[in-house]
$ cat final.txt   # compact mmCIF, C-alpha atoms
# COMPACT_ATOMS: atom_id res chain seq x y z
CA ALA A 1 259.59 -57.73 257.37
CA ARG A 2 257.05 -58.01 254.61
CA LEU A 3 253.52 -57.04 255.49
CA GLY A 4 250.58 -59.09 254.34
CA ARG A 5 247.61 -57.37 252.81
CA THR A 6 245.08 -56.46 255.46
CA LYS A 7 241.41 -56.36 254.65
CA VAL A 8 240.16 -52.96 255.67
CA THR A 9 236.95 -51.05 255.17
CA GLY A 10 236.16 -47.39 254.78
CA ARG A 11 233.14 -45.16 255.15
CA ARG A 12 231.46 -43.11 252.48
CA GLU A 13 228.97 -40.33 252.00
CA ARG A 14 225.58 -41.00 250.43
CA ARG A 15 225.22 -40.20 246.76
CA ASP A 16 222.06 -40.24 244.70
CA ASP A 17 223.45 -42.83 242.31
CA ASP A 18 224.58 -45.31 244.99
CA THR A 19 223.67 -48.95 244.37
CA ASP A 20 221.78 -51.10 246.86
CA ASP A 21 225.09 -52.45 248.17
CA ASP A 22 226.34 -48.94 248.69
CA GLN A 23 223.13 -48.01 250.48
CA ARG A 24 223.61 -50.86 252.89
CA GLY A 25 227.11 -49.56 253.54
CA ASP A 26 225.70 -46.10 254.17
CA GLU A 27 223.30 -47.49 256.74
CA GLU A 28 226.28 -48.80 258.69
CA GLN A 29 228.03 -45.41 258.71
CA LYS A 30 228.14 -43.71 262.08
CA PRO A 31 226.44 -40.30 262.15
CA GLY A 32 228.95 -37.51 261.71
CA THR A 33 231.75 -39.75 260.43
CA MET A 34 234.18 -37.70 258.35
CA THR A 35 234.84 -39.13 254.92
CA LYS A 36 237.31 -36.71 253.33
CA VAL A 37 241.05 -37.29 253.25
CA ALA A 38 243.78 -35.18 251.71
CA ILE A 39 246.77 -36.61 249.85
CA ILE A 40 249.53 -34.03 249.91
CA CYS A 41 252.33 -33.65 247.35
CA THR A 42 255.44 -31.58 246.84
CA SER A 43 255.51 -28.70 244.37
CA ALA A 44 259.31 -28.82 244.04
CA SER A 45 260.84 -30.18 240.84
CA ASP A 46 264.46 -29.57 241.79
CA LEU A 47 266.59 -30.44 244.81
CA ASN A 48 270.05 -28.92 244.68
CA GLY A 49 270.26 -29.55 240.94
CA HIS A 50 268.65 -32.98 241.05
CA LYS A 51 265.46 -33.11 238.96
CA THR A 52 262.73 -34.65 241.08
CA GLY A 53 259.12 -34.27 242.25
CA ILE A 54 256.65 -36.77 243.64
CA TRP A 55 257.17 -40.53 243.37
CA TYR A 56 254.22 -41.63 241.22
CA GLU A 57 253.38 -44.85 243.08
CA GLU A 58 253.26 -42.96 246.37
CA LEU A 59 250.37 -40.87 245.03
CA ALA A 60 248.58 -43.58 243.06
CA ALA A 61 248.59 -46.14 245.87
CA PRO A 62 246.80 -44.08 248.54
CA TYR A 63 244.48 -42.52 245.96
CA TYR A 64 242.97 -45.89 245.04
CA ILE A 65 243.06 -47.34 248.55
CA PHE A 66 240.97 -44.40 249.78
CA LYS A 67 238.80 -44.24 246.65
CA ASP A 68 237.97 -47.93 246.83
CA GLY A 69 237.37 -47.51 250.57
CA GLY A 70 234.61 -45.01 249.84
CA PHE A 71 236.38 -41.84 250.89
CA GLU A 72 236.21 -38.45 249.25
CA ILE A 73 239.73 -37.51 248.18
CA VAL A 74 241.33 -34.14 247.71
CA ILE A 75 244.79 -34.05 246.18
CA ALA A 76 246.77 -31.09 247.45
CA SER A 77 250.27 -29.71 247.01
CA ILE A 78 252.37 -27.02 248.62
CA GLN A 79 251.65 -24.43 245.90
CA GLY A 80 248.59 -25.97 244.24
CA GLY A 81 248.33 -26.96 240.59
CA ASP A 82 249.98 -29.94 238.90
CA PRO A 83 252.74 -31.39 241.11
CA PRO A 84 255.92 -32.41 239.29
CA VAL A 85 256.53 -36.13 238.90
CA ASP A 86 260.00 -37.63 239.25
CA ALA A 87 260.74 -39.11 235.82
CA ALA A 88 262.54 -42.04 237.44
CA SER A 89 259.24 -43.19 238.96
CA MET A 90 257.63 -43.46 235.53
CA GLY A 91 259.77 -46.20 234.04
CA GLY A 92 260.96 -49.77 234.47
CA ASP A 93 259.64 -51.76 237.41
CA PHE A 94 258.64 -48.58 239.23
CA ILE A 95 255.61 -48.03 237.00
CA LYS A 96 254.48 -51.68 237.03
CA PRO A 97 252.43 -51.72 240.27
CA GLU A 98 248.71 -52.14 239.65
CA CYS A 99 247.89 -48.75 241.14
CA CYS A 100 250.26 -47.01 238.72
CA GLN A 101 248.84 -48.80 235.71
CA ARG A 102 245.34 -47.90 236.86
CA ALA A 103 246.29 -44.25 237.32
CA LEU A 104 247.83 -44.00 233.86
CA LYS A 105 244.48 -44.93 232.32
CA ASP A 106 242.31 -42.87 234.68
CA ALA A 107 241.34 -39.41 233.42
CA ALA A 108 239.75 -38.56 236.78
CA PHE A 109 243.00 -39.30 238.60
CA GLU A 110 244.99 -37.14 236.20
CA GLU A 111 242.51 -34.27 236.49
CA ALA A 112 242.59 -34.43 240.30
CA LYS A 113 246.39 -34.38 240.21
CA LYS A 114 246.62 -31.51 237.75
CA SER A 115 244.16 -29.41 239.72
CA SER A 116 245.56 -30.04 243.19
CA VAL A 117 244.57 -27.47 245.79
CA ALA A 118 247.13 -25.49 247.75
CA VAL A 119 247.79 -26.86 251.23
CA GLY A 120 246.97 -23.43 252.64
CA ASP A 121 243.41 -23.85 251.35
CA LEU A 122 242.82 -27.06 253.30
CA ASN A 123 240.85 -26.94 256.56
CA ALA A 124 241.71 -29.52 259.19
CA ASP A 125 238.14 -29.40 260.47
CA ASP A 126 236.94 -30.85 257.15
CA LEU A 127 239.39 -33.76 257.06
CA ALA A 128 239.51 -37.21 258.62
CA GLY A 129 243.25 -37.35 257.97
CA VAL A 130 246.11 -36.73 255.56
CA PHE A 131 248.61 -38.86 253.67
CA LEU A 132 251.96 -37.29 252.71
CA VAL A 133 253.41 -38.42 249.38
CA GLY A 134 257.16 -38.87 249.04
CA GLY A 135 259.63 -38.20 246.28
CA HIS A 136 262.78 -36.15 246.79
CA GLY A 137 260.95 -32.91 246.02
CA VAL A 138 259.60 -32.90 249.57
CA CYS A 139 263.15 -32.37 250.84
CA ALA A 140 262.82 -28.84 249.45
CA ASP A 141 259.29 -27.79 250.47
CA PHE A 142 258.01 -30.08 253.27
CA ILE A 143 260.39 -28.30 255.65
CA GLY A 144 261.27 -24.67 256.32
CA GLU A 145 259.39 -21.62 255.10
CA PRO A 146 257.51 -23.34 252.21
CA ALA A 147 256.06 -25.87 254.66
CA LYS A 148 254.45 -23.46 257.14
CA ASP A 149 250.90 -24.19 256.00
CA LEU A 150 251.60 -27.92 255.95
CA VAL A 151 253.05 -27.87 259.45
CA ALA A 152 250.09 -25.87 260.77
CA LEU A 153 247.67 -28.34 259.18
CA ILE A 154 249.40 -31.42 260.61
CA GLU A 155 249.70 -29.87 264.07
CA LYS A 156 245.97 -29.09 264.08
CA LEU A 157 245.04 -32.56 262.84
CA THR A 158 247.13 -34.25 265.51
CA ALA A 159 245.64 -31.96 268.16
CA GLN A 160 242.24 -33.19 266.93
CA ASP A 161 243.43 -36.81 267.28
CA LYS A 162 243.13 -37.48 263.54
CA VAL A 163 245.22 -39.80 261.41
CA VAL A 164 248.39 -38.51 259.76
CA ALA A 165 250.39 -40.80 257.48
CA ALA A 166 253.44 -40.55 255.25
CA THR A 167 255.61 -42.89 253.26
CA CYS A 168 259.27 -42.75 252.20
CA HIS A 169 260.47 -39.10 252.08
CA GLY A 170 256.93 -37.89 252.77
CA VAL A 171 257.91 -38.10 256.44
CA PHE A 172 259.80 -34.81 255.94
CA GLY A 173 256.39 -33.20 256.51
CA PHE A 174 256.55 -34.23 260.17
CA PHE A 175 260.01 -32.88 260.93
CA ASP A 176 259.04 -29.27 261.68
CA CYS A 177 255.84 -30.22 263.52
CA LYS A 178 255.53 -29.87 267.27
CA THR A 179 253.11 -30.96 269.95
CA ALA A 180 251.16 -28.51 272.12
CA ASP A 181 253.98 -28.47 274.67
CA GLY A 182 256.59 -27.59 272.04
CA ALA A 183 258.24 -30.99 271.66
CA ALA A 184 258.98 -32.52 268.27
CA LEU A 185 255.85 -34.30 267.03
CA ILE A 186 257.69 -37.56 266.46
CA LYS A 187 259.74 -37.50 269.67
CA GLY A 188 259.33 -40.84 271.40
CA LYS A 189 257.15 -42.15 268.56
CA LYS A 190 257.83 -45.36 266.70
CA CYS A 191 258.21 -44.55 263.02
CA THR A 192 260.02 -45.36 259.80
CA GLY A 193 261.05 -43.68 256.56
CA PHE A 194 263.59 -44.05 253.75
CA CYS A 195 266.63 -45.55 255.47
CA ASP A 196 270.25 -44.45 255.16
CA SER A 197 271.29 -47.50 253.10
CA GLU A 198 268.43 -46.91 250.65
CA GLU A 199 269.43 -43.25 250.30
CA ALA A 200 273.02 -44.30 249.65
CA ALA A 201 271.85 -46.82 247.07
CA VAL A 202 270.15 -44.09 245.02
CA GLY A 203 273.20 -41.86 245.36
CA LEU A 204 271.48 -38.89 247.00
CA THR A 205 272.88 -38.87 250.53
CA ALA A 206 274.91 -35.74 249.76
CA THR A 207 271.99 -34.07 247.97
CA VAL A 208 269.31 -34.26 250.67
CA PRO A 209 269.52 -31.83 253.63
CA PHE A 210 269.45 -34.92 255.87
CA THR A 211 268.24 -38.47 255.48
CA PRO A 212 264.86 -39.42 256.92
CA GLU A 213 266.48 -42.01 259.19
CA ALA A 214 269.09 -39.60 260.57
CA ARG A 215 266.58 -36.78 261.14
CA MET A 216 264.10 -39.07 262.88
CA ARG A 217 266.78 -40.28 265.27
CA GLN A 218 267.95 -36.70 265.85
CA LEU A 219 264.39 -35.63 266.76
CA GLY A 220 264.11 -38.42 269.30
CA ALA A 221 261.90 -40.80 267.36
CA VAL A 222 262.15 -44.56 267.82
CA TYR A 223 263.24 -45.33 264.27
CA GLU A 224 262.53 -48.81 262.87
CA LYS A 225 263.30 -50.31 259.49
CA ALA A 226 263.19 -53.53 257.50
CA ALA A 227 265.48 -54.81 254.76
CA ASP A 228 266.11 -52.29 251.98
CA TRP A 229 263.20 -51.94 249.54
CA SER A 230 260.92 -54.24 251.59
CA PRO A 231 257.39 -53.03 252.37
CA PHE A 232 257.39 -51.91 256.00
CA VAL A 233 254.90 -49.83 257.95
CA VAL A 234 254.88 -48.58 261.52
CA ALA A 235 251.84 -47.21 263.33
CA ASP A 236 252.14 -45.45 266.68
CA GLY A 237 248.69 -44.34 267.69
CA LYS A 238 247.37 -42.35 264.73
CA LEU A 239 250.83 -41.63 263.27
CA VAL A 240 251.47 -44.01 260.35
CA THR A 241 254.74 -44.17 258.41
CA GLY A 242 256.05 -46.30 255.54
CA GLN A 243 259.71 -46.94 254.75
CA ASN A 244 259.88 -46.69 250.96
CA PRO A 245 257.84 -46.65 247.74
CA ALA A 246 256.95 -50.33 248.15
CA SER A 247 255.36 -49.39 251.48
CA SER A 248 252.88 -46.99 249.88
CA THR A 249 250.00 -49.46 249.61
CA PRO A 250 250.30 -51.04 253.09
CA CYS A 251 250.80 -47.59 254.62
CA ALA A 252 247.57 -46.36 253.04
CA GLN A 253 245.83 -49.59 254.08
CA LYS A 254 246.86 -49.02 257.68
CA MET A 255 245.61 -45.45 257.54
CA LEU A 256 242.30 -46.69 256.13
CA GLU A 257 242.05 -49.23 258.94
CA LEU A 258 242.48 -46.46 261.51
CA LEU A 259 239.87 -44.31 259.76
CA ALA A 260 237.22 -47.06 259.77
$ encode --input "final.txt" --output "structure tokens"
Amino acid sequence: ARLGRTKVTGRRERRDDDTDDDQRGDEEQKPGTMTKVAIICTSASDLNGHKTGIWYEELAAPYYIFKDGGFEIVIASIQGGDPPVDAASMGGDFIKPECCQRALKDAAFEEAKKSSVAVGDLNADDLAGVFLVGGHGVCADFIGEPAKDLVALIEKLTAQDKVVAATCHGVFGFFDCKTADGAALIKGKKCTGFCDSEEAAVGLTATVPFTPEARMRQLGAVYEKAADWSPFVVADGKLVTGQNPASSTPCAQKMLELLA
């Protein structure tokens, strides 16, 4: 079930201070290629009494995959401003991944996070795609009334045949989305997300409104999963989903591959 690292390349916009290598990369860029991606976070710090927020690795991983791929990145959140971080994601083995250690020392990353733009201020026409960050906070504001701007954005992006990706609980952002004919966006689509046994293992089955696995099945998706906590990514067309925090990097890599 483990995914190997895939070598992928991105595109970038020309900057005055680009090196010769960068200039050669620019020469290869197709005219009109979009190079901006949005990474979208929750603004909710509480879920039915459980203190939560984003899962740090799930923001850090795509940020550096896209940055190193030459993309312009905008970090966004439901309300804008500094998204809350789940304290559990900041300790033990959870903070050990290279992307997390890099983020902790990166003032530019922290500034981009703290000054996230509101989802309602994003324009689908300006974006090549979006990546939805998980963490249990999304269970509160990636669905229902707080998610209206997010849903509208994703529906427009998919109508434009652009890439939409999410890992772990970030897939909640797809649950209210519909296609042009009114069907659930993920109906009939192969996808993954935090599985029922993983939710049970963290003791939050009764806290979430529904588990990602159960909701995906209910909406008619073709749900797939690997062993608990194993990196696992599913791509169906330009819909990319990752199962858990460990899937953050390969999920972003797959999105980058589709953007190239």
$ closest_residue --input "final.txt" --among "A:Leu47, A:Ile39, A:Ala60, A:Ala226" --to "Thr192 of chain A" --atoms "only C-alpha atoms"
A:Ala226
$ atom_distance --input "final.txt" --atom1 "atom CA of Asp106 of chain A" --atom2 "atom CA of Phe194 of chain A"
28.6 Å
$ closest_residue --input "final.txt" --among "A:Gly53, A:Gln101, A:Ala221, A:Asp236" --to "Ala183 of chain A" --atoms "all atoms listed in the file"
A:Ala221
$ closest_residue --input "final.txt" --among "A:Val85, A:Ala235, A:Val37, A:Val138" --to "Glu110 of chain A" --atoms "only C-alpha atoms"
A:Val85
$ closest_residue --input "final.txt" --among "A:Asp228, A:Glu198, A:Asp86, A:Glu72" --to "Gly135 of chain A" --atoms "only C-alpha atoms"
A:Asp86
$ atom_distance --input "final.txt" --atom1 "atom CA of Gly81 of chain A" --atom2 "atom CA of Gly173 of chain A"
18.9 Å
$ axis_aligned_box --input "final.txt" --around "segment 69-74 of chain A" --padding-each-side "4 Å" --output "lines of an AutoDock Vina configuration file"
center_x = 238.0
center_y = -40.8
center_z = 249.3
size_x = 14.7
size_y = 21.4
size_z = 11.2
$ atom_distance --input "final.txt" --atom1 "atom CA of Ser247 of chain A" --atom2 "atom CA of Ala61 of chain A"
9.4 Å
$ residues_around --input "final.txt" --residues "segment 186-189 of chain A" --least-positions-apart "3" --cutoff "10 Å" --atoms "only C-alpha atoms" --output "count of residues only"
21
$ closest_residue --input "final.txt" --among "A:Gly70, A:Gly193, A:Pro209, A:Gly92" --to "Gln243 of chain A" --atoms "only C-alpha atoms"
A:Gly193
$ residues_around --input "final.txt" --residues "Asp46 of chain A" --least-positions-apart "2" --cutoff "12 Å" --atoms "all atoms listed in the file" --output "PyMOL selection string"
chain A and resi 42-44+48-54+83-87+135-141+207-208
$ residues_near_point --input "final.txt" --point "(244.1, -47.1, 262.8)" --cutoff "12 Å" --atoms "all atoms listed in the file" --output "PyMOL selection string"
chain A and resi 6+8-10+128-129+161-165+234-241+251-260
$ residues_around --input "final.txt" --residues "Ser116 of chain A" --least-positions-apart "6" --cutoff "9 Å" --atoms "all atoms listed in the file" --output "ChimeraX atom specification"
/A:40-41,74-77,79-83
$ residues_near_point --input "final.txt" --point "(240.3, -33.7, 262.8)" --cutoff "10 Å" --atoms "all atoms listed in the file" --output "PyMOL selection string"
chain A and resi 34+123-130+153-154+156-164
$ write_last_selection --input "final.txt" --atoms "C-alpha atoms" --output "PDB file, keeping the file's coordinate frame"
ATOM      1  CA  MET A  34     234.180 -37.700 258.350  1.00  0.00           C
ATOM      2  CA  ASN A 123     240.850 -26.940 256.560  1.00  0.00           C
ATOM      3  CA  ALA A 124     241.710 -29.520 259.190  1.00  0.00           C
ATOM      4  CA  ASP A 125     238.140 -29.400 260.470  1.00  0.00           C
ATOM      5  CA  ASP A 126     236.940 -30.850 257.150  1.00  0.00           C
ATOM      6  CA  LEU A 127     239.390 -33.760 257.060  1.00  0.00           C
ATOM      7  CA  ALA A 128     239.510 -37.210 258.620  1.00  0.00           C
ATOM      8  CA  GLY A 129     243.250 -37.350 257.970  1.00  0.00           C
ATOM      9  CA  VAL A 130     246.110 -36.730 255.560  1.00  0.00           C
ATOM     10  CA  LEU A 153     247.670 -28.340 259.180  1.00  0.00           C
ATOM     11  CA  ILE A 154     249.400 -31.420 260.610  1.00  0.00           C
ATOM     12  CA  LYS A 156     245.970 -29.090 264.080  1.00  0.00           C
ATOM     13  CA  LEU A 157     245.040 -32.560 262.840  1.00  0.00           C
ATOM     14  CA  THR A 158     247.130 -34.250 265.510  1.00  0.00           C
ATOM     15  CA  ALA A 159     245.640 -31.960 268.160  1.00  0.00           C
ATOM     16  CA  GLN A 160     242.240 -33.190 266.930  1.00  0.00           C
ATOM     17  CA  ASP A 161     243.430 -36.810 267.280  1.00  0.00           C
ATOM     18  CA  LYS A 162     243.130 -37.480 263.540  1.00  0.00           C
ATOM     19  CA  VAL A 163     245.220 -39.800 261.410  1.00  0.00           C
ATOM     20  CA  VAL A 164     248.390 -38.510 259.760  1.00  0.00           C
TER      21      VAL A 164
END
$ closest_residue --input "final.txt" --among "A:Ala108, A:Val233, A:Ile78, A:Val119" --to "Thr167 of chain A" --atoms "only C-alpha atoms"
A:Val233
$ residues_around --input "final.txt" --residues "Thr211 of chain A" --least-positions-apart "2" --cutoff "8 Å" --atoms "only C-alpha atoms" --output "VMD selection string"
chain A and resid 194 to 196 199 205 208 to 209 213 to 215
